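coords-v8.cif follows (mmCIF, C-alpha atoms):
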data_final
#
loop_
_atom_site.label_atom_id
_atom_site.label_comp_id
_atom_site.auth_asym_id
_atom_site.auth_seq_id
_atom_site.Cartn_x
_atom_site.Cartn_y
_atom_site.Cartn_z
CA MET M 1199 -65.56 9.50 183.90
CA ASP M 1200 -64.48 12.16 186.39
CA VAL M 1201 -63.57 9.85 189.27
CA HIS M 1202 -60.24 8.05 189.32
CA GLU M 1203 -59.06 5.84 192.15
CA VAL M 1204 -55.34 5.62 192.83
CA TRP M 1205 -53.91 3.39 195.53
CA GLY M 1206 -50.39 2.28 196.27
CA PHE M 1207 -48.45 0.26 198.79
CA SER M 1208 -46.35 3.34 199.57
CA LYS M 1209 -48.57 4.89 202.18
CA ASP M 1210 -50.58 2.01 203.63
CA PHE M 1211 -47.63 -0.33 203.96
CA ALA M 1212 -44.67 2.07 204.17
CA MET M 1213 -43.21 0.55 201.00
CA SER M 1214 -42.41 3.59 198.93
CA GLY M 1215 -39.36 2.01 197.34
CA LEU M 1216 -41.37 -0.77 195.73
CA ARG M 1217 -43.40 1.67 193.59
CA CYS M 1218 -46.43 -0.51 193.02
CA GLY M 1219 -50.06 0.50 193.03
CA VAL M 1220 -53.43 0.39 191.33
CA LEU M 1221 -55.39 2.81 189.16
CA THR M 1222 -59.12 2.39 188.59
CA SER M 1223 -60.88 4.65 186.12
CA LYS M 1224 -63.59 4.62 183.48
CA ASN M 1225 -61.70 7.20 181.44
CA ASP M 1226 -60.34 5.29 178.44
CA ASP M 1227 -57.94 8.08 177.43
CA LEU M 1228 -56.38 8.15 180.90
CA LEU M 1229 -56.10 4.38 181.04
CA ALA M 1230 -54.46 4.30 177.60
CA ALA M 1231 -51.92 6.96 178.60
CA VAL M 1232 -51.08 5.23 181.88
CA GLY M 1233 -50.91 1.91 180.06
CA GLU M 1234 -48.21 3.31 177.78
CA LEU M 1235 -46.23 4.51 180.80
CA ALA M 1236 -46.74 1.27 182.69
CA TYR M 1237 -45.40 -0.76 179.80
CA ARG M 1238 -42.03 0.92 180.31
CA SER M 1239 -42.01 0.68 184.09
CA VAL M 1240 -43.11 -2.84 184.84
CA VAL M 1241 -43.10 -4.06 188.43
CA SER M 1242 -40.74 -7.01 188.70
CA GLY M 1243 -42.07 -10.51 189.16
CA ASP M 1244 -40.23 -10.76 192.48
CA THR M 1245 -41.96 -7.63 193.76
CA GLN M 1246 -45.35 -8.84 192.54
CA HIS M 1247 -44.82 -12.15 194.31
CA LEU M 1248 -43.73 -10.45 197.54
CA LEU M 1249 -46.76 -8.17 197.54
CA ALA M 1250 -49.17 -10.99 196.67
CA GLU M 1251 -47.82 -13.00 199.61
CA LEU M 1252 -48.17 -9.98 201.87
CA LEU M 1253 -51.80 -9.47 200.89
CA ALA M 1254 -52.56 -13.19 201.20
CA GLY M 1255 -52.05 -12.93 204.96
CA GLU M 1256 -55.48 -11.39 205.52
CA ALA M 1257 -55.40 -11.67 209.32
CA TRP M 1258 -51.98 -10.02 209.43
CA VAL M 1259 -53.08 -7.25 207.04
CA THR M 1260 -56.17 -6.51 209.16
CA THR M 1261 -54.14 -6.37 212.38
CA TYR M 1262 -51.47 -4.26 210.73
CA LEU M 1263 -53.95 -1.71 209.36
CA VAL M 1264 -55.76 -1.37 212.69
CA GLU M 1265 -52.44 -0.73 214.46
CA LEU M 1266 -51.26 1.64 211.70
CA ARG M 1267 -54.43 3.74 211.97
CA ALA M 1268 -54.13 3.92 215.77
CA ARG M 1269 -50.50 5.03 215.56
CA LEU M 1270 -51.23 7.59 212.84
CA LYS M 1271 -54.09 9.01 214.88
CA HIS M 1272 -51.83 9.33 217.92
CA SER M 1273 -49.05 10.95 215.87
CA TYR M 1274 -51.54 13.36 214.29
CA GLU M 1275 -52.91 14.37 217.70
CA VAL M 1276 -49.45 14.87 219.20
CA THR M 1277 -48.36 16.88 216.14
CA THR M 1278 -51.39 19.16 216.04
CA THR M 1279 -51.17 19.77 219.78
CA ALA M 1280 -47.50 20.78 219.39
CA LEU M 1281 -48.31 23.03 216.41
CA GLU M 1282 -51.11 24.76 218.31
CA ALA M 1283 -48.84 25.28 221.33
CA ALA M 1284 -46.21 26.77 219.01
CA GLY M 1285 -48.72 29.08 217.34
CA ILE M 1286 -48.28 27.51 213.90
CA SER M 1287 -51.47 27.15 211.87
CA TYR M 1288 -52.13 24.14 209.69
CA ILE M 1289 -54.76 22.78 207.37
CA ASP M 1290 -56.67 20.12 209.26
CA GLY M 1291 -56.48 16.65 207.74
CA ASP M 1292 -58.90 13.74 207.65
CA ALA M 1293 -56.33 11.08 206.81
CA GLY M 1294 -52.75 10.79 205.70
CA LEU M 1295 -49.17 11.06 206.80
CA PHE M 1296 -48.67 14.80 206.34
CA LEU M 1297 -50.06 18.17 207.32
CA LEU M 1298 -49.79 21.41 205.42
CA LEU M 1299 -48.51 24.22 207.64
CA ASP M 1300 -49.55 27.80 207.01
CA VAL M 1301 -46.35 29.78 207.43
CA ARG M 1302 -47.59 32.93 205.67
CA PRO M 1303 -47.63 34.95 208.92
CA PHE M 1304 -43.90 34.32 209.28
CA MET M 1305 -42.91 35.46 205.80
CA GLU M 1306 -41.67 38.95 204.98
CA GLU M 1307 -43.70 38.90 201.76
CA LEU M 1308 -45.94 36.34 200.06
CA THR M 1309 -43.66 35.28 197.23
CA TRP M 1310 -42.16 31.98 196.15
CA GLU M 1311 -38.73 33.42 196.82
CA ALA M 1312 -39.70 34.33 200.40
CA GLU M 1313 -41.11 30.82 200.89
CA ASP M 1314 -37.85 29.33 199.64
CA ASN M 1315 -35.82 31.62 201.93
CA LEU M 1316 -37.90 30.63 204.96
CA TRP M 1317 -37.61 26.94 204.06
CA ARG M 1318 -33.83 27.26 203.79
CA ARG M 1319 -33.66 29.07 207.14
CA ILE M 1320 -35.71 26.31 208.80
CA LEU M 1321 -33.51 23.68 207.17
CA LYS M 1322 -30.26 25.41 208.19
CA ASP M 1323 -30.92 26.79 211.68
CA PRO M 1324 -32.95 24.11 213.47
CA ASN M 1325 -32.01 21.41 210.91
CA VAL M 1326 -35.64 20.47 210.19
CA ASN M 1327 -36.62 19.63 206.64
CA LEU M 1328 -40.16 20.70 205.94
CA THR M 1329 -41.14 20.61 202.30
CA PRO M 1330 -42.06 23.93 200.69
CA GLY M 1331 -45.46 24.10 199.05
CA SER M 1332 -43.85 25.01 195.75
CA ALA M 1333 -42.53 21.43 195.56
CA TYR M 1334 -46.15 20.21 195.58
CA HIS M 1335 -47.56 22.91 193.31
CA VAL M 1336 -49.57 24.53 196.12
CA GLY M 1337 -51.43 27.41 194.49
CA GLU M 1338 -49.87 30.18 196.58
CA PRO M 1339 -46.68 30.70 198.56
CA GLY M 1340 -46.58 30.24 202.31
CA PHE M 1341 -47.37 26.59 202.95
CA MET M 1342 -45.02 23.79 203.97
CA ARG M 1343 -45.60 20.09 204.39
CA ILE M 1344 -44.67 18.30 207.58
CA CYS M 1345 -44.62 14.53 207.75
CA PHE M 1346 -45.66 13.34 211.19
CA ALA M 1347 -45.59 9.63 210.40
CA THR M 1348 -41.94 8.83 209.73
CA GLU M 1349 -40.57 9.69 213.16
CA GLU M 1350 -41.67 8.98 216.71
CA PRO M 1351 -44.11 11.63 218.02
CA ASP M 1352 -41.59 12.99 220.54
CA VAL M 1353 -39.09 13.60 217.72
CA VAL M 1354 -41.72 15.48 215.71
CA THR M 1355 -42.67 17.52 218.79
CA ARG M 1356 -39.04 18.54 219.35
CA ALA M 1357 -38.68 19.45 215.66
CA ILE M 1358 -41.79 21.64 215.85
CA GLY M 1359 -40.31 23.39 218.89
CA ARG M 1360 -37.11 24.09 216.96
CA VAL M 1361 -39.08 25.40 213.96
CA ALA M 1362 -41.12 27.63 216.26
CA THR M 1363 -37.89 29.16 217.62
CA VAL M 1364 -36.87 30.16 214.09
CA LEU M 1365 -40.32 31.50 213.25
CA ARG M 1366 -40.43 33.70 216.34
#
This structure in structure tokens:
Amino acid sequence: MDVHEVWGFSKDFAMSGLRCGVLTSKNDDLLAAVGELAYRSVVSGDTQHLLAELLAGEAWVTTYLVELRARLKHSYEVTTTALEAAGISYIDGDAGLFLLLDVRPFMEELTWEAEDNLWRRILKDPNVNLTPGSAYHVGEPGFMRICFATEEPDVVTRAIGRVATVLR
């Protein structure tokens, strides 16, 4: 009852615009609520066909996922090395496309307003768009999300260098 599995094409296949996924749960109340929502946001037949064809190519899917994991691992390693060199702490990740940076040491005070001000400064001065933790309901101010998977590792490394300049 307490375990729910959620999976979508967004992350594994870089298909966020298609908005299609799967929910597995033994919680009848949750399934009923999601069922009501799903009724009003049906995935088109064209999209279902496209995704079924994609998944039918098992050899391609296997090759793709192996390559994806290798590239994500490389991007993660390059990103964490650059963050460490810049003196920016982060919460270590086991999997995913993002890291949560700990920017509390660079804030004047630990408030949501100060987080927002720092985010705006990072967005304006070095033109890097991290996502403030408040946008993801992080429990306390001072964390920002960095996506290391949507750009080439050298681009992410340069962006981290520009952020570090602002933080210093």
(message) With the PyMOL selection byres ((chain M and resi 1292-1299) around 8) as the selection, what would be picked from this file? Answer as number ranges by chain, please.
(response) M: 1209, 1270, 1286-1291, 1300-1301, 1341-1347
Residues as selected, C-alpha atoms, written as a PDB file, keeping the file's coordinate frame, can you do that?
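Result file follows (part-v3.pdb):
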ATOM      1  CA  LYS M1209     -48.570   4.890 202.180  1.00  0.00           C
ATOM      2  CA  LEU M1270     -51.230   7.590 212.840  1.00  0.00           C
ATOM      3  CA  ILE M1286     -48.280  27.510 213.900  1.00  0.00           C
ATOM      4  CA  SER M1287     -51.470  27.150 211.870  1.00  0.00           C
ATOM      5  CA  TYR M1288     -52.130  24.140 209.690  1.00  0.00           C
ATOM      6  CA  ILE M1289     -54.760  22.780 207.370  1.00  0.00           C
ATOM      7  CA  ASP M1290     -56.670  20.120 209.260  1.00  0.00           C
ATOM      8  CA  GLY M1291     -56.480  16.650 207.740  1.00  0.00           C
ATOM      9  CA  ASP M1300     -49.550  27.800 207.010  1.00  0.00           C
ATOM     10  CA  VAL M1301     -46.350  29.780 207.430  1.00  0.00           C
ATOM     11  CA  PHE M1341     -47.370  26.590 202.950  1.00  0.00           C
ATOM     12  CA  MET M1342     -45.020  23.790 203.970  1.00  0.00           C
ATOM     13  CA  ARG M1343     -45.600  20.090 204.390  1.00  0.00           C
ATOM     14  CA  ILE M1344     -44.670  18.300 207.580  1.00  0.00           C
ATOM     15  CA  CYS M1345     -44.620  14.530 207.750  1.00  0.00           C
ATOM     16  CA  PHE M1346     -45.660  13.340 211.190  1.00  0.00           C
ATOM     17  CA  ALA M1347     -45.590   9.630 210.400  1.00  0.00           C
TER      18      ALA M1347
END
(request) Starting from the shown file, work through the PyMOL selection byres ((chain M and resi 1314) around 10) and note down what comes out as a ChimeraX atom specification. (result) /M:1309-1313,1315-1320,1329-1332,1339-1340
(request) Figure out the distance between CA of Leu1252 (chain M) and CA of Leu1228 (chain M), please, to one decimal in Å. (result) 28.9 Å
(request) Would you mind listing what lies within 12 Å of Val1241 (chain M) as a list in words, with only C-alpha atoms counted and same-chain residues fewer than 5 positions away left out? (result) Gly1215, Leu1216, Arg1217, Cys1218, Gly1219, Val1220, Leu1235, Ala1236, Gln1246, His1247, Leu1248 and Leu1249 of chain M
(message) Please determine, counting only C-alpha atoms, which residue among M:Glu1349, M:Phe1304, M:Val1354, M:Gly1255 has the shortest atom-to-atom distance to Thr1278 (chain M).
(response)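 Among the listed residues, the smallest separation from Thr1278 (chain M) belongs to M:Val1354.
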(request) Go ahead and compute the interatomic distance for CA of Arg1267 (chain M) and CA of Asp1210 (chain M), in Å to one decimal. (result)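 Atom-to-atom, CA of Arg1267 (chain M) to CA of Asp1210 (chain M), that is 9.3 Å.
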Saved region 1224-1340 of chain M from the preceding structure, C-alpha atoms, as a compact mmCIF listing (two decimals), in the first residue's frame:
# COMPACT_ATOMS: atom_id res chain seq x y z
CA LYS M 1224 -1.89 -1.28 -4.76
CA ASN M 1225 -3.54 1.79 -3.25
CA ASP M 1226 -7.08 1.79 -4.62
CA ASP M 1227 -7.77 5.38 -3.54
CA LEU M 1228 -4.69 6.65 -5.37
CA LEU M 1229 -5.51 4.65 -8.48
CA ALA M 1230 -9.09 5.96 -8.47
CA ALA M 1231 -7.91 9.57 -8.14
CA VAL M 1232 -5.33 9.20 -10.90
CA GLY M 1233 -7.89 7.40 -13.04
CA GLU M 1234 -10.18 10.43 -12.82
CA LEU M 1235 -7.33 12.71 -13.89
CA ALA M 1236 -6.21 10.37 -16.66
CA TYR M 1237 -9.68 10.29 -18.14
CA ARG M 1238 -9.34 13.99 -18.90
CA SER M 1239 -5.78 13.83 -20.19
CA VAL M 1240 -5.73 10.87 -22.50
CA VAL M 1241 -2.59 10.12 -24.49
CA SER M 1242 -3.42 10.29 -28.18
CA GLY M 1243 -3.60 7.14 -30.27
CA ASP M 1244 -0.78 8.45 -32.46
CA THR M 1245 1.47 8.89 -29.44
CA GLN M 1246 0.57 5.45 -28.10
CA HIS M 1247 1.39 3.91 -31.47
CA LEU M 1248 4.70 5.77 -31.71
CA LEU M 1249 5.75 4.67 -28.24
CA ALA M 1250 4.64 1.06 -28.79
CA GLU M 1251 6.74 0.94 -31.96
CA LEU M 1252 9.68 2.41 -30.09
CA LEU M 1253 9.47 -0.21 -27.36
CA ALA M 1254 9.00 -3.02 -29.89
CA GLY M 1255 12.57 -2.48 -31.07
CA GLU M 1256 14.05 -4.36 -28.10
CA ALA M 1257 17.60 -4.48 -29.46
CA TRP M 1258 17.54 -0.75 -30.15
CA VAL M 1259 16.10 0.01 -26.70
CA THR M 1260 18.80 -2.07 -25.00
CA THR M 1261 21.59 -0.38 -26.97
CA TYR M 1262 20.08 3.04 -26.37
CA LEU M 1263 19.78 2.55 -22.61
CA VAL M 1264 23.35 1.26 -22.28
CA GLU M 1265 24.65 4.30 -24.18
CA LEU M 1266 22.39 6.67 -22.22
CA ARG M 1267 23.67 5.35 -18.89
CA ALA M 1268 27.29 5.66 -20.01
CA ARG M 1269 26.76 9.25 -21.16
CA LEU M 1270 24.89 10.20 -17.98
CA LYS M 1271 27.66 8.70 -15.85
CA HIS M 1272 30.27 10.69 -17.76
CA SER M 1273 28.24 13.91 -17.50
CA TYR M 1274 27.71 13.32 -13.77
CA GLU M 1275 31.44 12.78 -13.20
CA VAL M 1276 32.43 15.87 -15.21
CA THR M 1277 29.81 17.96 -13.39
CA THR M 1278 30.75 16.85 -9.88
CA THR M 1279 34.44 17.36 -10.63
CA ALA M 1280 33.71 20.92 -11.80
CA LEU M 1281 31.53 21.62 -8.75
CA GLU M 1282 34.22 20.36 -6.38
CA ALA M 1283 36.87 22.47 -8.14
CA ALA M 1284 34.57 25.50 -7.81
CA GLY M 1285 33.93 24.84 -4.11
CA ILE M 1286 30.20 24.30 -4.58
CA SER M 1287 28.69 21.53 -2.46
CA TYR M 1288 25.98 19.25 -3.78
CA ILE M 1289 23.87 16.34 -2.66
CA ASP M 1290 25.35 13.22 -4.19
CA GLY M 1291 23.04 11.33 -6.53
CA ASP M 1292 22.65 7.67 -7.39
CA ALA M 1293 20.79 8.19 -10.65
CA GLY M 1294 19.08 10.92 -12.58
CA LEU M 1295 19.61 13.96 -14.71
CA PHE M 1296 19.98 16.56 -11.98
CA LEU M 1297 21.95 17.42 -8.87
CA LEU M 1298 20.86 19.56 -5.97
CA LEU M 1299 23.45 22.24 -5.18
CA ASP M 1300 23.88 23.51 -1.64
CA VAL M 1301 24.23 27.26 -2.04
CA ARG M 1302 23.51 28.13 1.60
CA PRO M 1303 27.10 29.25 2.24
CA PHE M 1304 26.69 31.89 -0.47
CA MET M 1305 23.46 33.40 0.87
CA GLU M 1306 23.31 36.46 3.09
CA GLU M 1307 20.55 34.82 5.14
CA LEU M 1308 18.68 31.52 4.93
CA THR M 1309 15.34 32.76 3.64
CA TRP M 1310 13.28 32.04 0.55
CA GLU M 1311 13.70 35.66 -0.47
CA ALA M 1312 17.50 35.38 -0.26
CA GLU M 1313 17.36 32.17 -2.31
CA ASP M 1314 15.27 33.93 -4.93
CA ASN M 1315 17.68 36.90 -4.99
CA LEU M 1316 20.68 34.61 -5.46
CA TRP M 1317 18.89 32.67 -8.20
CA ARG M 1318 18.09 35.93 -10.02
CA ARG M 1319 21.70 37.09 -9.69
CA ILE M 1320 22.96 33.80 -11.14
CA LEU M 1321 20.41 34.04 -13.94
CA LYS M 1322 21.27 37.67 -14.74
CA ASP M 1323 25.05 37.93 -14.32
CA PRO M 1324 26.45 34.69 -15.75
CA ASN M 1325 23.21 33.88 -17.63
CA VAL M 1326 22.89 30.40 -16.09
CA ASN M 1327 19.45 29.14 -15.15
CA LEU M 1328 19.62 26.92 -12.12
CA THR M 1329 16.27 26.11 -10.58
CA PRO M 1330 15.67 27.34 -7.03
CA GLY M 1331 14.70 24.71 -4.50
CA SER M 1332 11.50 26.58 -3.75
CA ALA M 1333 10.25 25.53 -7.21
CA TYR M 1334 10.56 21.89 -6.11
CA HIS M 1335 9.27 22.36 -2.57
CA VAL M 1336 12.67 21.67 -0.99
CA GLY M 1337 12.11 21.87 2.75
CA GLU M 1338 14.51 24.74 3.41
CA PRO M 1339 16.01 27.61 1.43
CA GLY M 1340 19.48 27.39 -0.08
